[in-house]
Amino acid sequence: MNLKKYGWLVLLLPFGCKSSQQIAYKAINADKALTTIAFGSCNRQDQPQPLWDDIIGDKPDLWVWLGDNIYGDTDDMTELRDKYNWQKMQTGYRQLLARVPIVGVWDDHDYGLNDAGKEYQQRGPSRDLMYEFLHVPANSPDRAHEGGYQSYTFGPKGRKVKVILLDGRYFRDPLKKGPDGKANVPDPEGDILGAAQWQWLEEQLTGSDAQVHLIGCGIQILPEEHQVEKWANFPTARKRLFELLGKTHPAGTILISGDRHMAEMSRISLPGLPYPLYDITSSGLTHTWSAPGDEPNHLRVGKMVFKLNYGLLKIHWGEQPLRVTASIRGDERQVYQTEEIRL
């Protein structure tokens, strides 16, 4: 997306049935170098949201939604819009809107149907509502294609961050179930991104002059062993992504994901990348596992976090090799895990 410098904007939103309130939000400034990036997922619009003040306190330059930004779960687009508007009226989120530029992508519950892919019948109108919620401009080229994938580049030469948001819903083949009809099993024939998005992603990575590439997707990309949604349910697509990264060798790539109602960090080494590839999962802005337990993940670095959480990346510009501090944080300024990533 070609971004211009915007000033302060005001959005009129319905509140109740007869009244409206003005909500100011800070628009994107593509010229600004990003030093601190916050992200998170799994946010019920009808539950307490205690983390916004902590997130604002970290003074991020950008907030990235990673899906389940609301819990829509409906075929009724009027109901879905009302739920998005409900979220926009949350006091803490309104304060974030006024201070921090916001980008993002969806997962299943804001898409409209749990665990759904391309079989969801309302995916087109739902995509438009997501873009409305995220303030994607009406003239944005991202509105001209199907699906919700987007790309943003921030910062001057030598301090560029490219944020690539992958749509893991609109084109994704249905999940393949095991004999019990519940657990997901690998489907080597299935795809996640679809032909147009694959081509677009290769174009975004090829020859990019960004120093940091942040690739976000609603579902986890690296973990393989659990039986719920993940890229590993579609091993051919996952392998294709790894091969594309190895072929285009973008500088400083970090993956960020949501969905799981817990947080963890995973790491892998890929041919073609001279640095380790991390998948930083942050999930549970309003709710996490009711009964925490261990889960196998041979790629995990550190521990699983079951408390309400958000992710934070701090880029240490000027260091060689470039260092990024990744952390999982929570309420009352708690820091649950920190990892120093050399890119």
# chains A, B, ... in the order shown; residues from 1 in each chain; ligands from 1

call {"tool": "closest_atom_pairs", "arguments": {"of": "segment 35-92 of chain A", "to": "segment 116-131 of chain A", "cutoff": "12 Å", "atoms": "only C-alpha atoms", "output": "JSON lines"}}
result
{"residue": "A:Trp65", "atom": "CA", "partner": "A:Met130", "partner_atom": "CA", "distance": 10.9}
{"residue": "A:Gly67", "atom": "CA", "partner": "A:Met130", "partner_atom": "CA", "distance": 10.2}
{"residue": "A:Asp68", "atom": "CA", "partner": "A:Met130", "partner_atom": "CA", "distance": 10.8}
{"residue": "A:Asn69", "atom": "CA", "partner": "A:Met130", "partner_atom": "CA", "distance": 9.3}
{"residue": "A:Ile70", "atom": "CA", "partner": "A:Met130", "partner_atom": "CA", "distance": 10.0}
{"residue": "A:Gly72", "atom": "CA", "partner": "A:Ser126", "partner_atom": "CA", "distance": 9.9}
{"residue": "A:Asp73", "atom": "CA", "partner": "A:Ala116", "partner_atom": "CA", "distance": 10.3}
{"residue": "A:Thr74", "atom": "CA", "partner": "A:Gln122", "partner_atom": "CA", "distance": 9.1}
{"residue": "A:Asp75", "atom": "CA", "partner": "A:Gln122", "partner_atom": "CA", "distance": 6.3}
{"residue": "A:Asp76", "atom": "CA", "partner": "A:Gln122", "partner_atom": "CA", "distance": 8.5}
{"residue": "A:Met77", "atom": "CA", "partner": "A:Ser126", "partner_atom": "CA", "distance": 6.9}
{"residue": "A:Thr78", "atom": "CA", "partner": "A:Leu129", "partner_atom": "CA", "distance": 9.7}
{"residue": "A:Glu79", "atom": "CA", "partner": "A:Ser126", "partner_atom": "CA", "distance": 10.9}
{"residue": "A:Leu80", "atom": "CA", "partner": "A:Leu129", "partner_atom": "CA", "distance": 7.8}
{"residue": "A:Arg81", "atom": "CA", "partner": "A:Leu129", "partner_atom": "CA", "distance": 6.5}
{"residue": "A:Asp82", "atom": "CA", "partner": "A:Leu129", "partner_atom": "CA", "distance": 10.2}
{"residue": "A:Lys83", "atom": "CA", "partner": "A:Leu129", "partner_atom": "CA", "distance": 10.5}
{"residue": "A:Tyr84", "atom": "CA", "partner": "A:Leu129", "partner_atom": "CA", "distance": 8.2}
{"residue": "A:Asn85", "atom": "CA", "partner": "A:Leu129", "partner_atom": "CA", "distance": 10.3}

call {"tool": "write_last_selection", "arguments": {"atoms": "N, CA and C atoms", "output": "compact mmCIF listing (two decimals), in the first residue's frame"}}
result
# COMPACT_ATOMS: atom_id res chain seq x y z
N TRP A 65 -3.45 -5.80 15.02
CA TRP A 65 -4.44 -6.82 15.35
C TRP A 65 -4.10 -8.11 14.61
N GLY A 67 -6.26 -10.94 14.70
CA GLY A 67 -7.43 -11.77 14.53
C GLY A 67 -8.24 -11.99 15.79
N ASP A 68 -9.50 -12.42 15.57
CA ASP A 68 -10.48 -12.50 16.66
C ASP A 68 -10.50 -11.16 17.38
N ASN A 69 -10.46 -10.10 16.56
CA ASN A 69 -10.46 -8.74 17.07
C ASN A 69 -11.78 -8.40 17.74
N ILE A 70 -12.83 -9.07 17.28
CA ILE A 70 -14.11 -9.16 17.97
C ILE A 70 -14.58 -10.60 17.82
N GLY A 72 -17.58 -12.16 16.36
CA GLY A 72 -18.78 -11.93 15.57
C GLY A 72 -19.63 -13.17 15.48
N ASP A 73 -19.05 -14.24 14.89
CA ASP A 73 -19.70 -15.55 14.80
C ASP A 73 -21.14 -15.44 14.31
N THR A 74 -21.31 -14.89 13.11
CA THR A 74 -22.64 -14.66 12.59
C THR A 74 -22.60 -14.56 11.07
N ASP A 75 -23.73 -14.86 10.44
CA ASP A 75 -23.91 -14.60 9.01
C ASP A 75 -24.59 -13.26 8.77
N ASP A 76 -25.01 -12.62 9.83
CA ASP A 76 -25.75 -11.36 9.76
C ASP A 76 -24.77 -10.20 9.79
N MET A 77 -24.61 -9.50 8.68
CA MET A 77 -23.61 -8.43 8.59
C MET A 77 -24.01 -7.21 9.40
N THR A 78 -25.29 -7.00 9.64
CA THR A 78 -25.71 -5.92 10.53
C THR A 78 -25.25 -6.20 11.95
N GLU A 79 -25.41 -7.44 12.38
CA GLU A 79 -24.94 -7.83 13.70
C GLU A 79 -23.42 -7.72 13.79
N LEU A 80 -22.72 -8.13 12.75
CA LEU A 80 -21.26 -8.05 12.77
C LEU A 80 -20.79 -6.60 12.86
N ARG A 81 -21.42 -5.70 12.10
CA ARG A 81 -21.06 -4.28 12.18
C ARG A 81 -21.33 -3.73 13.57
N ASP A 82 -22.45 -4.12 14.17
CA ASP A 82 -22.77 -3.65 15.51
C ASP A 82 -21.70 -4.09 16.52
N LYS A 83 -21.18 -5.30 16.36
CA LYS A 83 -20.15 -5.79 17.28
C LYS A 83 -18.84 -5.04 17.09
N TYR A 84 -18.50 -4.73 15.84
CA TYR A 84 -17.32 -3.90 15.61
C TYR A 84 -17.50 -2.52 16.25
N ASN A 85 -18.68 -1.94 16.10
CA ASN A 85 -18.93 -0.63 16.69
C ASN A 85 -18.89 -0.70 18.21

call {"tool": "residues_around", "arguments": {"residues": "Tyr93 of chain A", "least_positions_apart": "4", "cutoff": "12 Å", "atoms": "only C-alpha atoms", "output": "compact mmCIF listing (two decimals) with N, CA, C and O atoms, in the first residue's frame"}}
result
# COMPACT_ATOMS: atom_id res chain seq x y z
N ILE A 23 -15.28 9.86 17.69
CA ILE A 23 -14.09 9.13 18.11
C ILE A 23 -12.94 9.57 17.22
O ILE A 23 -12.96 9.36 16.01
N ALA A 24 -11.94 10.19 17.82
CA ALA A 24 -10.75 10.59 17.07
C ALA A 24 -9.79 9.42 17.02
O ALA A 24 -9.64 8.68 17.99
N TYR A 25 -9.16 9.21 15.87
CA TYR A 25 -8.13 8.18 15.80
C TYR A 25 -6.92 8.70 15.03
O TYR A 25 -7.04 9.56 14.17
N ASN A 43 -10.04 -11.02 21.38
CA ASN A 43 -10.57 -9.90 22.14
C ASN A 43 -12.10 -9.90 22.03
O ASN A 43 -12.65 -9.56 20.98
N GLN A 45 -15.53 -8.32 22.52
CA GLN A 45 -16.04 -6.97 22.68
C GLN A 45 -16.98 -6.83 23.88
O GLN A 45 -17.20 -5.73 24.37
N PRO A 48 -14.57 -7.57 29.88
CA PRO A 48 -13.62 -6.55 30.34
C PRO A 48 -12.32 -6.60 29.54
O PRO A 48 -11.85 -7.67 29.18
N GLN A 49 -11.75 -5.42 29.29
CA GLN A 49 -10.53 -5.31 28.48
C GLN A 49 -9.49 -4.53 29.28
O GLN A 49 -9.30 -3.33 29.08
N PRO A 50 -8.77 -5.23 30.17
CA PRO A 50 -7.90 -4.54 31.13
C PRO A 50 -6.51 -4.18 30.61
O PRO A 50 -5.74 -3.57 31.36
N LEU A 51 -6.17 -4.53 29.37
CA LEU A 51 -4.78 -4.37 28.93
C LEU A 51 -4.50 -3.11 28.15
O LEU A 51 -3.33 -2.77 27.91
N TRP A 52 -5.52 -2.37 27.74
CA TRP A 52 -5.27 -1.22 26.87
C TRP A 52 -4.40 -0.17 27.55
O TRP A 52 -3.55 0.45 26.91
N ASP A 53 -4.59 0.04 28.86
CA ASP A 53 -3.76 1.05 29.53
C ASP A 53 -2.30 0.61 29.60
O ASP A 53 -1.39 1.43 29.50
N ASP A 54 -2.07 -0.70 29.76
CA ASP A 54 -0.70 -1.22 29.75
C ASP A 54 -0.06 -1.04 28.38
O ASP A 54 1.11 -0.66 28.26
N ILE A 55 -0.84 -1.34 27.33
CA ILE A 55 -0.34 -1.20 25.97
C ILE A 55 -0.01 0.26 25.67
O ILE A 55 1.07 0.59 25.16
N ILE A 56 -0.91 1.15 26.03
CA ILE A 56 -0.67 2.58 25.82
C ILE A 56 0.56 3.03 26.61
O ILE A 56 1.38 3.84 26.13
N TRP A 63 0.03 -0.47 16.54
CA TRP A 63 -0.68 -1.62 17.09
C TRP A 63 -1.10 -2.51 15.92
O TRP A 63 -1.63 -2.03 14.92
N ASN A 69 -10.46 -10.10 16.56
CA ASN A 69 -10.46 -8.74 17.07
C ASN A 69 -11.78 -8.40 17.74
O ASN A 69 -11.84 -7.55 18.63
N TYR A 84 -18.50 -4.73 15.84
CA TYR A 84 -17.32 -3.90 15.61
C TYR A 84 -17.50 -2.52 16.25
O TYR A 84 -16.57 -1.98 16.88
N ASN A 85 -18.68 -1.94 16.10
CA ASN A 85 -18.93 -0.63 16.69
C ASN A 85 -18.89 -0.70 18.21
O ASN A 85 -18.42 0.25 18.87
N TRP A 86 -19.36 -1.80 18.76
CA TRP A 86 -19.30 -2.00 20.21
C TRP A 86 -17.84 -1.95 20.67
O TRP A 86 -17.51 -1.31 21.66
N GLN A 87 -16.97 -2.62 19.92
CA GLN A 87 -15.55 -2.60 20.28
C GLN A 87 -14.99 -1.18 20.20
O GLN A 87 -14.21 -0.76 21.06
N LYS A 88 -15.37 -0.44 19.19
CA LYS A 88 -14.84 0.92 19.04
C LYS A 88 -15.28 1.84 20.17
O LYS A 88 -14.65 2.87 20.41
N MET A 89 -16.35 1.48 20.86
CA MET A 89 -16.82 2.31 21.96
C MET A 89 -16.21 1.92 23.30
O MET A 89 -16.46 2.58 24.31
N LEU A 97 -6.95 4.22 20.05
CA LEU A 97 -7.23 4.77 18.72
C LEU A 97 -6.74 6.20 18.58
O LEU A 97 -6.28 6.60 17.52
N ALA A 98 -6.85 6.96 19.65
CA ALA A 98 -6.48 8.36 19.60
C ALA A 98 -4.97 8.58 19.65
O ALA A 98 -4.49 9.67 19.33
N ARG A 99 -4.23 7.54 20.04
CA ARG A 99 -2.78 7.70 20.26
C ARG A 99 -1.90 6.91 19.30
O ARG A 99 -0.76 7.30 19.05
N VAL A 100 -2.40 5.78 18.80
CA VAL A 100 -1.54 4.82 18.11
C VAL A 100 -2.16 4.43 16.77
O VAL A 100 -3.32 4.02 16.72
N PRO A 101 -1.41 4.51 15.66
CA PRO A 101 -1.91 3.97 14.39
C PRO A 101 -2.15 2.47 14.50
O PRO A 101 -1.43 1.76 15.22
N ILE A 102 -3.16 1.99 13.79
CA ILE A 102 -3.59 0.60 13.93
C ILE A 102 -3.71 -0.04 12.56
O ILE A 102 -4.28 0.53 11.63
N LEU A 285 -6.29 -11.28 24.80
CA LEU A 285 -6.46 -9.94 25.35
C LEU A 285 -7.57 -9.92 26.40
O LEU A 285 -7.53 -9.13 27.34

call {"tool": "residues_around", "arguments": {"residues": "Trp200 of chain A", "least_positions_apart": "6", "cutoff": "12 Å", "atoms": "only C-alpha atoms", "output": "list in words"}}
result
Met1, Asp142, His145, Glu146, Gly147, Tyr149, Gln150, Ser151, Ile164, Leu165, Leu166, Asp167, Leu193, Gly194, Thr206 and Leu244 of chain A

call {"tool": "write_last_selection", "arguments": {"atoms": "N, CA and C atoms", "output": "mmCIF file, in the first residue's frame"}}
result
data_model
loop_
_atom_site.group_PDB
_atom_site.id
_atom_site.type_symbol
_atom_site.label_atom_id
_atom_site.label_comp_id
_atom_site.auth_asym_id
_atom_site.auth_seq_id
_atom_site.Cartn_x
_atom_site.Cartn_y
_atom_site.Cartn_z
ATOM 1 N N MET A 1 0.841 -1.187 0.000
ATOM 2 C CA MET A 1 0.000 0.000 0.000
ATOM 3 C C MET A 1 0.880 1.242 0.000
ATOM 4 N N ASP A 142 -5.804 -2.237 -1.534
ATOM 5 C CA ASP A 142 -6.167 -3.468 -0.836
ATOM 6 C C ASP A 142 -7.659 -3.751 -0.909
ATOM 7 N N HIS A 145 -8.780 -6.023 -4.356
ATOM 8 C CA HIS A 145 -8.637 -7.467 -4.530
ATOM 9 C C HIS A 145 -9.502 -8.197 -3.516
ATOM 10 N N GLU A 146 -9.780 -9.460 -3.802
ATOM 11 C CA GLU A 146 -10.492 -10.297 -2.838
ATOM 12 C C GLU A 146 -9.574 -10.615 -1.662
ATOM 13 N N GLY A 147 -10.186 -10.885 -0.513
ATOM 14 C CA GLY A 147 -9.398 -11.241 0.655
ATOM 15 C C GLY A 147 -8.939 -10.031 1.434
ATOM 16 N N TYR A 149 -5.695 -9.516 2.820
ATOM 17 C CA TYR A 149 -4.251 -9.356 2.981
ATOM 18 C C TYR A 149 -3.816 -7.931 2.646
ATOM 19 N N GLN A 150 -2.794 -7.455 3.373
ATOM 20 C CA GLN A 150 -2.338 -6.072 3.261
ATOM 21 C C GLN A 150 -0.840 -5.995 3.506
ATOM 22 N N SER A 151 -0.240 -4.879 3.059
ATOM 23 C CA SER A 151 1.174 -4.617 3.305
ATOM 24 C C SER A 151 1.365 -3.131 3.565
ATOM 25 N N ILE A 164 3.617 -7.180 6.751
ATOM 26 C CA ILE A 164 2.871 -7.976 5.779
ATOM 27 C C ILE A 164 1.841 -8.800 6.540
ATOM 28 N N LEU A 165 0.564 -8.582 6.225
ATOM 29 C CA LEU A 165 -0.521 -9.242 6.934
ATOM 30 C C LEU A 165 -1.178 -10.263 6.011
ATOM 31 N N LEU A 166 -1.045 -11.528 6.376
ATOM 32 C CA LEU A 166 -1.552 -12.616 5.548
ATOM 33 C C LEU A 166 -2.974 -12.986 5.955
ATOM 34 N N ASP A 167 -3.810 -13.207 4.958
ATOM 35 C CA ASP A 167 -5.185 -13.640 5.182
ATOM 36 C C ASP A 167 -5.231 -15.166 5.133
ATOM 37 N N LEU A 193 -3.338 -19.726 1.304
ATOM 38 C CA LEU A 193 -3.328 -18.351 0.793
ATOM 39 C C LEU A 193 -4.048 -18.157 -0.532
ATOM 40 N N GLY A 194 -4.098 -19.167 -1.377
ATOM 41 C CA GLY A 194 -4.680 -18.984 -2.695
ATOM 42 C C GLY A 194 -3.695 -18.364 -3.676
ATOM 43 N N THR A 206 10.224 -9.960 -2.704
ATOM 44 C CA THR A 206 11.299 -9.904 -3.696
ATOM 45 C C THR A 206 11.872 -8.493 -3.813
ATOM 46 N N LEU A 244 9.751 -19.915 -0.006
ATOM 47 C CA LEU A 244 9.674 -18.550 -0.531
ATOM 48 C C LEU A 244 10.561 -17.606 0.281
#

call {"tool": "closest_atom_pairs", "arguments": {"of": "segment 201-285 of chain A", "to": "segment 309-323 of chain A", "cutoff": "7 Å", "atoms": "only C-alpha atoms", "output": "Markdown table"}}
result
| residue | atom | partner | partner_atom | distance |
| --- | --- | --- | --- | --- |
| A:Ser282 | CA | A:Tyr310 | CA | 5.4 |
| A:Ser283 | CA | A:Asn309 | CA | 6.5 |
| A:Gly284 | CA | A:Asn309 | CA | 5.7 |
| A:Leu285 | CA | A:Asn309 | CA | 5.6 |

call {"tool": "write_last_selection", "arguments": {"atoms": "all heavy atoms", "output": "PDB file, in the first residue's frame"}}
result
ATOM      1  N   SER A 282       0.901 -14.187  20.417  1.00  0.00           N
ATOM      2  CA  SER A 282       0.280 -13.475  21.536  1.00  0.00           C
ATOM      3  C   SER A 282      -1.221 -13.589  21.389  1.00  0.00           C
ATOM      4  O   SER A 282      -1.796 -13.144  20.397  1.00  0.00           O
ATOM      5  CB  SER A 282       0.705 -12.012  21.543  1.00  0.00           C
ATOM      6  OG  SER A 282       0.009 -11.301  22.548  1.00  0.00           O
ATOM      7  N   SER A 283      -1.865 -14.187  22.371  1.00  0.00           N
ATOM      8  CA  SER A 283      -3.297 -14.459  22.255  1.00  0.00           C
ATOM      9  C   SER A 283      -3.935 -14.482  23.630  1.00  0.00           C
ATOM     10  O   SER A 283      -3.475 -15.188  24.522  1.00  0.00           O
ATOM     11  CB  SER A 283      -3.514 -15.796  21.543  1.00  0.00           C
ATOM     12  OG  SER A 283      -4.879 -16.115  21.483  1.00  0.00           O
ATOM     13  N   GLY A 284      -4.978 -13.713  23.730  1.00  0.00           N
ATOM     14  CA  GLY A 284      -5.718 -13.648  24.968  1.00  0.00           C
ATOM     15  C   GLY A 284      -5.742 -12.259  25.556  1.00  0.00           C
ATOM     16  O   GLY A 284      -5.264 -12.029  26.658  1.00  0.00           O
ATOM     17  N   LEU A 285      -6.292 -11.280  24.803  1.00  0.00           N
ATOM     18  CA  LEU A 285      -6.465  -9.943  25.355  1.00  0.00           C
ATOM     19  C   LEU A 285      -7.573  -9.920  26.402  1.00  0.00           C
ATOM     20  O   LEU A 285      -7.529  -9.128  27.344  1.00  0.00           O
ATOM     21  CB  LEU A 285      -6.782  -8.948  24.237  1.00  0.00           C
ATOM     22  CG  LEU A 285      -5.620  -8.580  23.313  1.00  0.00           C
ATOM     23  CD1 LEU A 285      -6.131  -7.875  22.068  1.00  0.00           C
ATOM     24  CD2 LEU A 285      -4.613  -7.703  24.034  1.00  0.00           C
TER      25      LEU A 285
END

call {"tool": "atom_distance", "arguments": {"atom1": "atom CA of Pro223 of chain A", "atom2": "atom CA of Asn297 of chain A"}}
result
6.1 Å

call {"tool": "closest_residue", "arguments": {"among": "A:Ala237, A:Gly258, A:Ala27, A:Arg44", "to": "Val136 of chain A", "atoms": "only C-alpha atoms"}}
result
A:Ala27

call {"tool": "select_by_dssp", "arguments": {"residues": "segment 102-323 of chain A", "states": "helix (DSSP H, G or I)", "output": "CSV table (one decimal) with N, CA, C and O atoms, in the first residue's frame"}}
result
chain,number,residue,atom,x,y,z
A,108,ASP,N,-10.8,-16.3,12.7
A,108,ASP,CA,-12.1,-16.9,12.4
A,108,ASP,C,-13.3,-16.3,13.0
A,108,ASP,O,-14.3,-16.1,12.3
A,109,HIS,N,-13.2,-15.8,14.2
A,109,HIS,CA,-14.4,-15.3,14.9
A,109,HIS,C,-14.8,-14.0,14.4
A,109,HIS,O,-16.0,-13.7,14.3
A,110,ASP,N,-13.9,-13.1,14.0
A,110,ASP,CA,-14.2,-11.9,13.4
A,110,ASP,C,-14.5,-12.1,11.9
A,110,ASP,O,-15.3,-11.3,11.3
A,111,TYR,N,-14.0,-13.1,11.3
A,111,TYR,CA,-14.3,-13.5,9.9
A,111,TYR,C,-15.8,-13.8,9.9
A,111,TYR,O,-16.5,-13.5,8.9
A,123,ARG,N,-18.0,-14.1,3.3
A,123,ARG,CA,-16.6,-13.7,3.4
A,123,ARG,C,-16.4,-12.3,2.7
A,123,ARG,O,-15.6,-11.5,3.2
A,124,GLY,N,-17.1,-12.0,1.6
A,124,GLY,CA,-16.9,-10.8,0.9
A,124,GLY,C,-17.4,-9.6,1.7
A,124,GLY,O,-16.6,-8.6,2.0
A,125,PRO,N,-18.7,-9.6,2.1
A,125,PRO,CA,-19.1,-8.5,3.0
A,125,PRO,C,-18.4,-8.4,4.3
A,125,PRO,O,-18.2,-7.3,4.8
A,126,SER,N,-18.0,-9.5,4.9
A,126,SER,CA,-17.3,-9.5,6.1
A,126,SER,C,-15.9,-8.8,6.0
A,126,SER,O,-15.5,-8.1,6.8
A,127,ARG,N,-15.3,-9.1,4.8
A,127,ARG,CA,-14.0,-8.4,4.6
A,127,ARG,C,-14.1,-6.9,4.6
A,127,ARG,O,-13.3,-6.2,5.1
A,128,ASP,N,-15.2,-6.4,4.0
A,128,ASP,CA,-15.4,-5.0,3.9
A,128,ASP,C,-15.6,-4.4,5.3
A,128,ASP,O,-15.2,-3.3,5.6
A,129,LEU,N,-16.3,-5.1,6.1
A,129,LEU,CA,-16.5,-4.6,7.5
A,129,LEU,C,-15.2,-4.6,8.3
A,129,LEU,O,-15.0,-3.7,9.1
A,130,MET,N,-14.4,-5.6,8.1
A,130,MET,CA,-13.1,-5.6,8.7
A,130,MET,C,-12.3,-4.4,8.3
A,130,MET,O,-11.7,-3.7,9.1
A,131,TYR,N,-12.3,-4.1,7.0
A,131,TYR,CA,-11.5,-2.9,6.5
A,131,TYR,C,-12.1,-1.6,7.1
A,131,TYR,O,-11.4,-0.7,7.4
A,132,GLU,N,-13.4,-1.6,7.2
A,132,GLU,CA,-14.1,-0.4,7.8
A,132,GLU,C,-13.6,-0.2,9.3
A,132,GLU,O,-13.3,0.9,9.7
A,133,PHE,N,-13.5,-1.3,10.0
A,133,PHE,CA,-13.1,-1.3,11.4
A,133,PHE,C,-11.6,-0.8,11.5
A,133,PHE,O,-11.3,-0.1,12.4
A,141,PRO,N,-5.6,0.3,-2.6
A,141,PRO,CA,-5.6,-0.8,-3.5
A,141,PRO,C,-5.9,-2.2,-2.9
A,141,PRO,O,-6.3,-3.1,-3.5
A,142,ASP,N,-5.8,-2.2,-1.5
A,142,ASP,CA,-6.2,-3.5,-0.8
A,142,ASP,C,-7.7,-3.8,-0.9
A,142,ASP,O,-8.1,-4.9,-0.7
A,143,ARG,N,-8.5,-2.7,-1.2
A,143,ARG,CA,-9.9,-3.0,-1.4
A,143,ARG,C,-10.2,-3.5,-2.8
A,143,ARG,O,-11.4,-3.9,-3.0
A,195,ALA,N,-3.9,-18.6,-5.0
A,195,ALA,CA,-2.9,-18.2,-6.0
A,195,ALA,C,-2.6,-16.7,-6.0
A,195,ALA,O,-1.4,-16.4,-6.1
A,196,ALA,N,-3.6,-15.9,-5.9
A,196,ALA,CA,-3.4,-14.4,-6.0
A,196,ALA,C,-2.6,-13.9,-4.8
A,196,ALA,O,-1.6,-13.1,-5.0
A,197,GLN,N,-2.9,-14.5,-3.6
A,197,GLN,CA,-2.1,-14.0,-2.5
A,197,GLN,C,-0.7,-14.5,-2.5
A,197,GLN,O,0.2,-13.8,-2.0
A,198,TRP,N,-0.5,-15.7,-2.9
A,198,TRP,CA,0.9,-16.2,-3.0
A,198,TRP,C,1.7,-15.4,-4.0
A,198,TRP,O,2.9,-15.0,-3.7
A,199,GLN,N,1.1,-15.0,-5.1
A,199,GLN,CA,1.9,-14.1,-6.1
A,199,GLN,C,2.2,-12.8,-5.4
A,199,GLN,O,3.3,-12.3,-5.6
A,200,TRP,N,1.2,-12.2,-4.8
A,200,TRP,CA,1.3,-10.9,-4.1
A,200,TRP,C,2.4,-11.0,-3.0
A,200,TRP,O,3.3,-10.1,-2.9
A,201,LEU,N,2.4,-12.1,-2.2
A,201,LEU,CA,3.4,-12.2,-1.2
A,201,LEU,C,4.8,-12.3,-1.8
A,201,LEU,O,5.8,-11.7,-1.2
A,202,GLU,N,5.0,-13.0,-2.8
A,202,GLU,CA,6.3,-13.1,-3.5
A,202,GLU,C,6.8,-11.7,-3.9
A,202,GLU,O,7.9,-11.3,-3.8
A,203,GLU,N,5.8,-10.9,-4.5
A,203,GLU,CA,6.1,-9.6,-4.9
A,203,GLU,C,6.5,-8.7,-3.8
A,203,GLU,O,7.4,-7.9,-3.9
A,204,GLN,N,5.9,-8.9,-2.6
A,204,GLN,CA,6.2,-8.1,-1.4
A,204,GLN,C,7.6,-8.4,-0.9
A,204,GLN,O,8.3,-7.5,-0.4
A,205,LEU,N,8.0,-9.6,-1.0
A,205,LEU,CA,9.3,-10.0,-0.5
A,205,LEU,C,10.5,-9.8,-1.4
A,205,LEU,O,11.6,-9.5,-1.0
A,231,TRP,N,-0.7,-23.6,10.6
A,231,TRP,CA,-0.2,-23.8,9.2
A,231,TRP,C,0.2,-25.2,8.9
A,231,TRP,O,0.1,-25.7,7.8
A,232,ALA,N,0.6,-25.9,9.9
A,232,ALA,CA,1.0,-27.3,9.7
A,232,ALA,C,-0.1,-28.2,9.4
A,232,ALA,O,0.1,-29.4,8.9
A,233,ASN,N,-1.4,-27.8,9.5
A,233,ASN,CA,-2.5,-28.6,8.9
A,233,ASN,C,-2.4,-28.6,7.4
A,233,ASN,O,-3.1,-29.5,6.8
A,235,PRO,N,0.7,-28.8,5.3
A,235,PRO,CA,2.1,-28.9,5.2
A,235,PRO,C,2.7,-28.4,3.9
A,235,PRO,O,3.8,-27.9,3.9
A,236,THR,N,2.0,-28.6,2.8
A,236,THR,CA,2.6,-28.2,1.5
A,236,THR,C,2.6,-26.7,1.5
A,236,THR,O,3.6,-26.1,1.0
A,237,ALA,N,1.6,-26.0,2.0
A,237,ALA,CA,1.6,-24.6,2.0
A,237,ALA,C,2.6,-24.0,3.0
A,237,ALA,O,3.3,-23.0,2.7
A,238,ARG,N,2.8,-24.7,4.1
A,238,ARG,CA,3.8,-24.2,5.1
A,238,ARG,C,5.2,-24.4,4.5
A,238,ARG,O,6.1,-23.5,4.6
A,239,LYS,N,5.5,-25.5,3.8
A,239,LYS,CA,6.8,-25.7,3.1
A,239,LYS,C,7.0,-24.6,2.0
A,239,LYS,O,8.1,-24.1,1.9
A,240,ARG,N,5.9,-24.3,1.3
A,240,ARG,CA,6.0,-23.3,0.3
A,240,ARG,C,6.4,-22.0,0.9
A,240,ARG,O,7.2,-21.2,0.3
A,241,LEU,N,5.8,-21.6,2.0
A,241,LEU,CA,6.2,-20.3,2.6
A,241,LEU,C,7.6,-20.3,3.0
A,241,LEU,O,8.3,-19.3,2.8
A,242,PHE,N,8.1,-21.4,3.6
A,242,PHE,CA,9.5,-21.5,4.0
A,242,PHE,C,10.4,-21.4,2.8
A,242,PHE,O,11.5,-20.7,2.8
A,243,GLU,N,10.1,-22.0,1.7
A,243,GLU,CA,10.9,-22.0,0.5
A,243,GLU,C,10.9,-20.6,-0.1
A,243,GLU,O,11.9,-20.1,-0.6
A,244,LEU,N,9.8,-19.9,0.0
A,244,LEU,CA,9.7,-18.5,-0.5
A,244,LEU,C,10.6,-17.6,0.3
A,244,LEU,O,11.3,-16.7,-0.3
A,245,LEU,N,10.6,-17.8,1.6
A,245,LEU,CA,11.5,-17.0,2.4
A,245,LEU,C,12.9,-17.2,2.1
A,245,LEU,O,13.7,-16.3,2.0
A,246,GLY,N,13.2,-18.5,1.9
A,246,GLY,CA,14.6,-18.9,1.5
A,246,GLY,C,15.0,-18.4,0.2
A,246,GLY,O,16.2,-18.0,-0.1
A,247,LYS,N,14.1,-18.3,-0.8
A,247,LYS,CA,14.3,-17.8,-2.1
A,247,LYS,C,14.5,-16.3,-2.2
A,247,LYS,O,15.4,-15.8,-2.9
A,248,THR,N,13.7,-15.6,-1.5
A,248,THR,CA,13.7,-14.1,-1.5
A,248,THR,C,14.6,-13.5,-0.4
A,248,THR,O,14.9,-12.4,-0.5

call {"tool": "closest_residue", "arguments": {"among": "A:Arg260, A:Pro292, A:His287, A:Val163", "to": "Asp46 of chain A", "atoms": "only C-alpha atoms"}}
result
A:His287

call {"tool": "residues_around", "arguments": {"residues": "Gln220 of chain A", "least_positions_apart": "5", "cutoff": "8 Å", "atoms": "only C-alpha atoms", "output": "ChimeraX atom specification"}}
result
/A:229-231,256-259,279,281

call {"tool": "closest_residue", "arguments": {"among": "A:Leu134, A:Val212, A:Ile341, A:Ile219", "to": "Cys42 of chain A", "atoms": "only C-alpha atoms"}}
result
A:Ile219
